[in-house]
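This is upload-v1.txt (compact mmCIF, C-alpha atoms).
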```
# COMPACT_ATOMS: atom_id res chain seq x y z
CA MET A 2 -5.52 -14.66 -4.96
CA ASP A 3 -4.68 -17.24 -7.55
CA ARG A 4 -0.95 -17.93 -7.38
CA ASP A 5 -0.82 -18.03 -11.18
CA GLY A 6 -2.72 -14.85 -11.82
CA PRO A 7 -4.48 -11.81 -10.44
CA VAL A 8 -7.59 -11.73 -8.33
CA GLY A 9 -10.54 -12.56 -10.54
CA ILE A 10 -13.67 -10.46 -10.58
CA GLY A 11 -16.51 -12.55 -11.85
CA LEU A 12 -19.00 -11.56 -14.52
CA ALA A 13 -22.23 -9.91 -13.53
CA HIS A 14 -24.48 -12.17 -11.52
CA ALA A 15 -28.23 -12.10 -11.67
CA LEU A 16 -28.32 -10.85 -8.08
CA GLU A 17 -25.43 -8.38 -8.45
CA PRO A 18 -26.37 -4.69 -8.64
CA ASP A 19 -25.78 -2.98 -11.96
CA HIS A 20 -28.03 0.04 -11.92
CA ARG A 21 -26.53 1.40 -15.11
CA LEU A 22 -28.41 -1.30 -17.00
CA VAL A 23 -31.71 -1.28 -15.18
CA ALA A 24 -34.45 -0.19 -17.57
CA PRO A 25 -37.29 2.01 -16.33
CA CYS A 26 -40.14 -0.08 -14.95
CA SER A 27 -43.15 0.41 -12.81
CA VAL A 28 -43.15 0.25 -9.05
CA HIS A 29 -45.50 -2.73 -9.22
CA ALA A 30 -43.10 -4.66 -11.45
CA VAL A 31 -40.21 -4.01 -9.09
CA THR A 32 -42.33 -5.07 -6.14
CA ILE A 33 -43.40 -8.31 -7.81
CA LEU A 34 -39.87 -9.20 -8.92
CA GLY A 35 -38.45 -8.24 -5.54
CA ALA A 36 -40.94 -10.46 -3.76
CA ALA A 37 -40.07 -13.35 -6.04
CA ASP A 38 -36.36 -12.86 -5.41
CA SER A 39 -35.18 -15.12 -2.60
CA GLY A 40 -31.57 -13.89 -2.88
CA PRO A 41 -29.64 -11.41 -0.73
CA SER A 42 -31.68 -8.84 1.13
CA CYS A 43 -29.21 -5.94 0.89
CA TYR A 44 -27.74 -6.34 -2.60
CA SER A 45 -29.51 -7.42 -5.74
CA ARG A 46 -30.82 -5.96 -8.99
CA PHE A 47 -33.28 -3.85 -7.01
CA VAL A 48 -31.49 -3.39 -3.67
CA ASN A 49 -28.10 -1.71 -3.49
CA GLU A 50 -27.13 -0.78 0.06
CA TRP A 51 -23.76 0.67 1.08
CA PHE A 52 -23.32 -1.50 4.15
CA CYS A 53 -24.15 -5.16 3.61
CA TRP A 54 -22.72 -7.90 5.82
CA GLN A 55 -24.39 -10.52 3.67
CA TYR A 56 -22.16 -9.45 0.79
CA VAL A 57 -19.09 -10.03 2.99
CA GLU A 58 -20.33 -13.52 3.86
CA ASP A 59 -21.22 -14.41 0.27
CA ARG A 60 -17.96 -13.11 -1.24
CA GLN A 61 -15.63 -13.99 1.63
CA GLY A 62 -13.21 -15.93 -0.58
CA GLN A 63 -12.98 -13.17 -3.17
CA ILE A 64 -12.47 -10.49 -0.51
CA THR A 65 -9.79 -12.55 1.25
CA ASP A 66 -7.88 -13.12 -2.00
CA ALA A 67 -7.95 -9.40 -2.79
CA LEU A 68 -6.83 -8.50 0.75
CA VAL A 69 -3.93 -10.99 0.69
CA GLU A 70 -2.82 -9.73 -2.72
CA HIS A 71 -2.97 -6.14 -1.45
CA VAL A 72 -0.82 -6.97 1.59
CA LEU A 73 1.76 -8.92 -0.43
CA ILE A 74 2.14 -6.17 -3.03
CA THR A 75 2.43 -3.48 -0.34
CA LEU A 76 5.07 -5.35 1.67
CA SER A 77 7.03 -6.29 -1.45
CA ALA A 78 7.03 -2.68 -2.66
CA LEU A 79 8.19 -1.40 0.74
CA ALA A 80 10.96 -4.01 0.85
CA LEU A 81 12.11 -2.99 -2.62
CA GLY A 82 11.97 0.69 -1.67
CA ILE A 83 14.07 0.10 1.45
CA ALA A 84 16.61 -1.99 -0.49
CA ILE A 85 17.11 0.87 -2.96
CA ALA A 86 16.81 3.76 -0.48
CA ILE A 87 19.54 2.58 1.92
CA PRO A 88 22.43 2.60 -0.60
CA LEU A 89 21.17 5.86 -2.14
CA ALA A 90 21.03 7.54 1.28
CA LEU A 91 24.49 6.24 2.19
CA LEU A 92 25.87 7.45 -1.13
CA ALA A 93 24.40 10.91 -0.58
CA ARG A 94 25.77 10.93 2.97
CA ARG A 95 29.30 9.88 2.01
CA VAL A 96 29.49 12.06 -1.12
CA PRO A 97 27.75 15.35 -0.27
CA ARG A 98 28.02 16.70 -3.81
CA LEU A 99 25.75 13.86 -4.98
CA GLU A 100 23.04 14.57 -2.40
CA SER A 101 21.11 16.95 -4.65
CA ALA A 102 21.20 14.45 -7.52
CA VAL A 103 20.00 11.58 -5.31
CA LEU A 104 17.17 13.62 -3.80
CA GLY A 105 16.28 14.99 -7.22
CA PHE A 106 16.03 11.48 -8.65
CA SER A 107 13.88 10.13 -5.81
CA THR A 108 11.60 13.17 -5.90
CA GLY A 109 11.43 13.21 -9.69
CA VAL A 110 10.10 9.67 -9.85
CA TYR A 111 7.19 10.66 -7.62
CA THR A 112 6.17 13.40 -10.04
CA VAL A 113 5.38 10.78 -12.71
CA PRO A 114 1.64 9.96 -12.49
CA SER A 115 0.92 6.34 -11.60
CA LEU A 116 -1.44 6.14 -14.58
CA ALA A 117 1.62 6.73 -16.76
CA LEU A 118 4.35 4.93 -14.78
CA LEU A 119 2.70 1.50 -14.68
CA PRO A 120 2.00 1.35 -18.43
CA LEU A 121 5.62 2.43 -19.04
CA LEU A 122 6.81 -0.61 -17.07
CA VAL A 123 4.50 -3.08 -18.81
CA PRO A 124 6.78 -3.64 -21.87
CA PHE A 125 9.54 -4.78 -19.47
CA THR A 126 7.60 -6.62 -16.75
CA GLY A 127 4.31 -7.48 -18.47
CA LEU A 128 0.87 -7.48 -16.89
CA SER A 129 2.14 -8.86 -13.61
CA ALA A 130 2.39 -8.05 -9.93
CA ALA A 131 6.05 -7.13 -10.51
CA THR A 132 4.90 -4.10 -12.49
CA VAL A 133 3.00 -2.76 -9.48
CA VAL A 134 5.73 -3.67 -6.99
CA ILE A 135 8.45 -1.89 -8.98
CA GLY A 136 6.32 1.19 -9.54
CA LEU A 137 5.32 1.52 -5.89
CA GLY A 138 8.86 0.76 -4.72
CA LEU A 139 10.13 3.68 -6.80
CA TYR A 140 7.42 5.97 -5.41
CA ALA A 141 8.42 5.05 -1.85
CA LEU A 142 11.96 6.36 -2.48
CA THR A 143 10.77 9.96 -2.17
CA ILE A 144 9.97 9.46 1.51
CA LEU A 145 12.46 6.75 2.45
CA VAL A 146 15.65 8.34 1.07
CA ARG A 147 14.97 11.66 2.77
CA ALA A 148 13.97 9.95 6.04
CA LEU A 149 17.18 7.90 6.09
CA LEU A 150 19.30 10.97 5.37
CA ASP A 151 17.59 12.93 8.13
CA GLY A 152 18.07 10.00 10.48
CA LEU A 153 21.79 9.77 9.75
CA ARG A 154 22.15 13.53 10.23
CA SER A 155 20.45 13.24 13.64
CA VAL A 156 23.34 11.18 15.02
CA PRO A 157 25.39 13.52 17.26
CA ASP A 158 28.95 14.22 16.10
CA ASP A 159 30.35 13.57 19.57
CA VAL A 160 28.92 10.05 19.42
CA ARG A 161 30.77 9.45 16.17
CA GLU A 162 33.97 10.85 17.65
CA ALA A 163 33.64 8.58 20.68
CA ALA A 164 33.13 5.57 18.41
CA ARG A 165 36.23 6.46 16.40
CA GLY A 166 38.18 6.77 19.64
CA LEU A 167 37.11 3.23 20.52
CA GLY A 168 38.47 1.98 17.21
CA TYR A 169 35.25 1.70 15.21
CA GLY A 170 35.76 1.64 11.46
CA ARG A 171 33.27 3.05 8.93
CA ALA A 172 31.34 -0.18 8.42
CA ARG A 173 31.17 -1.04 12.10
CA MET A 174 30.18 2.51 13.03
CA LEU A 175 27.41 2.46 10.44
CA THR A 176 25.89 -0.84 11.57
CA ARG A 177 26.45 -0.50 15.33
CA ILE A 178 26.13 3.25 15.94
CA GLU A 179 24.68 5.33 13.11
CA MET A 180 21.89 3.09 11.79
CA PRO A 181 20.47 2.21 15.24
CA LEU A 182 20.45 5.88 16.29
CA ALA A 183 18.88 6.86 12.95
CA LEU A 184 16.04 4.33 13.36
CA PRO A 185 13.48 6.59 15.09
CA VAL A 186 13.55 9.14 12.27
CA ALA A 187 13.77 6.43 9.59
CA MET A 188 10.83 4.53 11.07
CA ALA A 189 8.72 7.69 11.02
CA GLY A 190 9.39 7.94 7.30
CA LEU A 191 8.65 4.26 6.81
CA ARG A 192 5.25 4.69 8.47
CA VAL A 193 4.34 7.46 6.03
CA ALA A 194 5.63 5.40 3.09
CA ALA A 195 3.63 2.36 4.23
CA VAL A 196 0.32 4.22 4.40
CA SER A 197 1.03 5.89 1.06
CA THR A 198 1.86 2.54 -0.56
CA ILE A 199 -1.34 0.93 0.70
CA ALA A 200 -3.31 3.69 -0.99
CA LEU A 201 -1.30 3.55 -4.22
CA THR A 202 -1.59 -0.25 -4.48
CA THR A 203 -5.20 0.22 -5.56
CA VAL A 204 -3.91 1.84 -8.77
CA GLY A 205 -2.51 -1.57 -9.70
CA THR A 206 -5.95 -2.42 -11.01
CA LEU A 207 -4.66 -0.90 -14.27
CA VAL A 208 -2.70 -4.12 -14.81
CA SER A 209 -5.21 -6.36 -12.96
CA TYR A 210 -3.07 -6.54 -9.82
CA GLY A 211 -4.62 -3.95 -7.56
CA GLY A 212 -5.67 -6.08 -4.61
CA LEU A 213 -8.61 -4.32 -3.01
CA GLY A 214 -8.39 -1.79 -5.84
CA ASP A 215 -9.80 -4.44 -8.19
CA LEU A 216 -12.91 -4.65 -6.03
CA ILE A 217 -13.16 -0.86 -5.82
CA SER A 218 -12.86 -0.53 -9.60
CA HIS A 219 -15.46 -3.22 -10.20
CA GLY A 220 -17.79 -1.67 -7.64
CA VAL A 221 -17.52 1.74 -9.31
CA GLN A 222 -18.07 0.34 -12.80
CA ARG A 223 -21.21 -1.56 -11.81
CA ASP A 224 -22.43 0.82 -9.09
CA PHE A 225 -22.08 -2.05 -6.61
CA ARG A 226 -22.15 -0.12 -3.34
CA ALA A 227 -21.52 -3.00 -0.94
CA GLU A 228 -18.43 -4.11 -2.85
CA LEU A 229 -17.09 -0.55 -3.12
CA MET A 230 -17.64 0.26 0.56
CA THR A 231 -16.24 -3.06 1.82
CA ALA A 232 -13.01 -2.69 -0.17
CA ALA A 233 -12.59 0.96 0.84
CA VAL A 234 -13.10 0.20 4.55
CA LEU A 235 -10.60 -2.67 4.36
CA CYS A 236 -8.01 -0.31 2.83
CA VAL A 237 -8.40 2.06 5.78
CA VAL A 238 -8.27 -0.78 8.32
CA LEU A 239 -5.18 -2.22 6.63
CA ALA A 240 -3.41 1.14 6.79
CA VAL A 241 -4.20 1.53 10.50
CA VAL A 242 -3.10 -2.01 11.33
CA LEU A 243 0.18 -1.69 9.45
CA ASP A 244 0.91 1.65 11.10
CA VAL A 245 0.31 0.17 14.56
CA LEU A 246 2.56 -2.79 13.76
CA LEU A 247 5.34 -0.44 12.65
CA VAL A 248 5.02 1.57 15.86
CA LEU A 249 5.35 -1.65 17.89
CA LEU A 250 8.33 -2.70 15.77
CA GLN A 251 9.98 0.66 16.39
CA ARG A 252 9.57 0.25 20.14
CA VAL A 253 11.16 -3.19 19.98
CA LEU A 254 14.09 -1.99 17.85
CA THR A 255 14.67 1.24 19.82
CA PRO A 256 14.02 0.43 23.49
CA TRP A 257 16.26 3.32 24.60
CA THR A 258 13.68 5.83 23.32
CA ALA A 259 11.00 4.60 25.73
CA GLY A 260 12.07 6.99 28.48
CA ALA A 261 11.87 9.97 26.15
CA ARG A 262 8.17 9.50 25.39
```
Mind turning this structure into structure tokens?
Amino acid sequence: MDRDGPVGIGLAHALEPDHRLVAPCSVHAVTILGAADSGPSCYSRFVNEWFCWQYVEDRQGQITDALVEHVLITLSALALGIAIAIPLALLARRVPRLESAVLGFSTGVYTVPSLALLPLLVPFTGLSAATVVIGLGLYALTILVRALLDGLRSVPDDVREAARGLGYGRARMLTRIEMPLALPVAMAGLRVAAVSTIALTTVGTLVSYGGLGDLISHGVQRDFRAELMTAAVLCVVLAVVLDVLLVLLQRVLTPWTAGAR
């Protein structure tokens, strides 16, 4: 990923598949041209395989840039979503009459199609990664706000009463009692939001900041199977890896739940 711009997808190469443009020709012509071609064996004008390790080796830099961009956008969007979800959940918890409005807002944002939301943000943020981060951060609120509320509700009332008896004020009780006990439920929501955000990041290709989505879009447009399959597989692997990391993080942050498993 270029620090000053989005991941670049190069123009069509002589060896890059583009079967939309291949004119009808005889089998003998294809055989002769294929024999003369000393390029890749699994992707070229006449070969277009789904699984091609040679493509990964040849385009390693491009794939790495797209993967890094995808990870950065996903993590930034999740961080933004958490930063907005926590105060909204606390507001809904402290002022019950606002709970419906808060949940309605977070759910309502998710009903806006991503194909419409990102272009609506462009006049304010431009064709930049910020457009994708803000859009995905807002989408994550649907899951995160409700998960935080459910987590706070899961704290037993007798625990709160005991904390008050020990002289805990609201702020201290929130940071030392309620939030730690709400973590298991909140982390479950964060895991769902993380996987969802990884998938939605690909839509960022609308503004040229889609990470692996840029490769998927380019692969679809040019019928480049190796590129399409590689980017899709990496999206799945990334989702699994992030989910595993969040599970490990949850075990570190909530060691008291180990005995309950």
Box for stretch 65-71 of chain A - axis-aligned, 8 Å on each of the six sides, all listed atoms - centre and size in Å to one decimal, as JSON.
```
{"center_x": -6.3, "center_y": -9.6, "center_z": -0.8, "size_x": 23.0, "size_y": 23.0, "size_z": 20.0}
```
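Proximity of A:Arg94, A:Arg223, A:Arg147, A:Arg252 to A:Glu179, computed with all atoms listed in the file, is greatest for A:Arg94.
Counting all atoms listed in the file, stretch 110-122 of chain A has the following residues at most 10 Å away, ignoring those fewer than 5 positions along the same chain: Gly105, Gly127, Leu128, Ala131, Thr132, Val133, Val134, Ile135, Gly136, Leu137, Leu139, Tyr140, Ala141, Leu142, Thr143, Ile144, Leu201, Val204, Gly205, Leu207 and Val208 of chain A.
For the pair atom CA of A:Leu145 and atom CA of A:Ala187, the separation is 7.3 Å.
Distance annotation: of A:Leu254, A:Ala227, A:Leu184, A:Ile74, the residue with the minimal separation from A:Ser45 is A:Ala227; atom set is all atoms listed in the file.
Atom CA of A:Tyr210 lies 19.8 Å from atom CA of A:Phe225.
Between A:Leu250 and the candidates A:Met188, A:Ala194, A:Val221, A:Met180, the tightest atom-to-atom separation, counting only C-alpha atoms, involves A:Met188.
Going from atom CA of A:Val48 over to atom CA of A:Ser209, you cover 28.0 Å.
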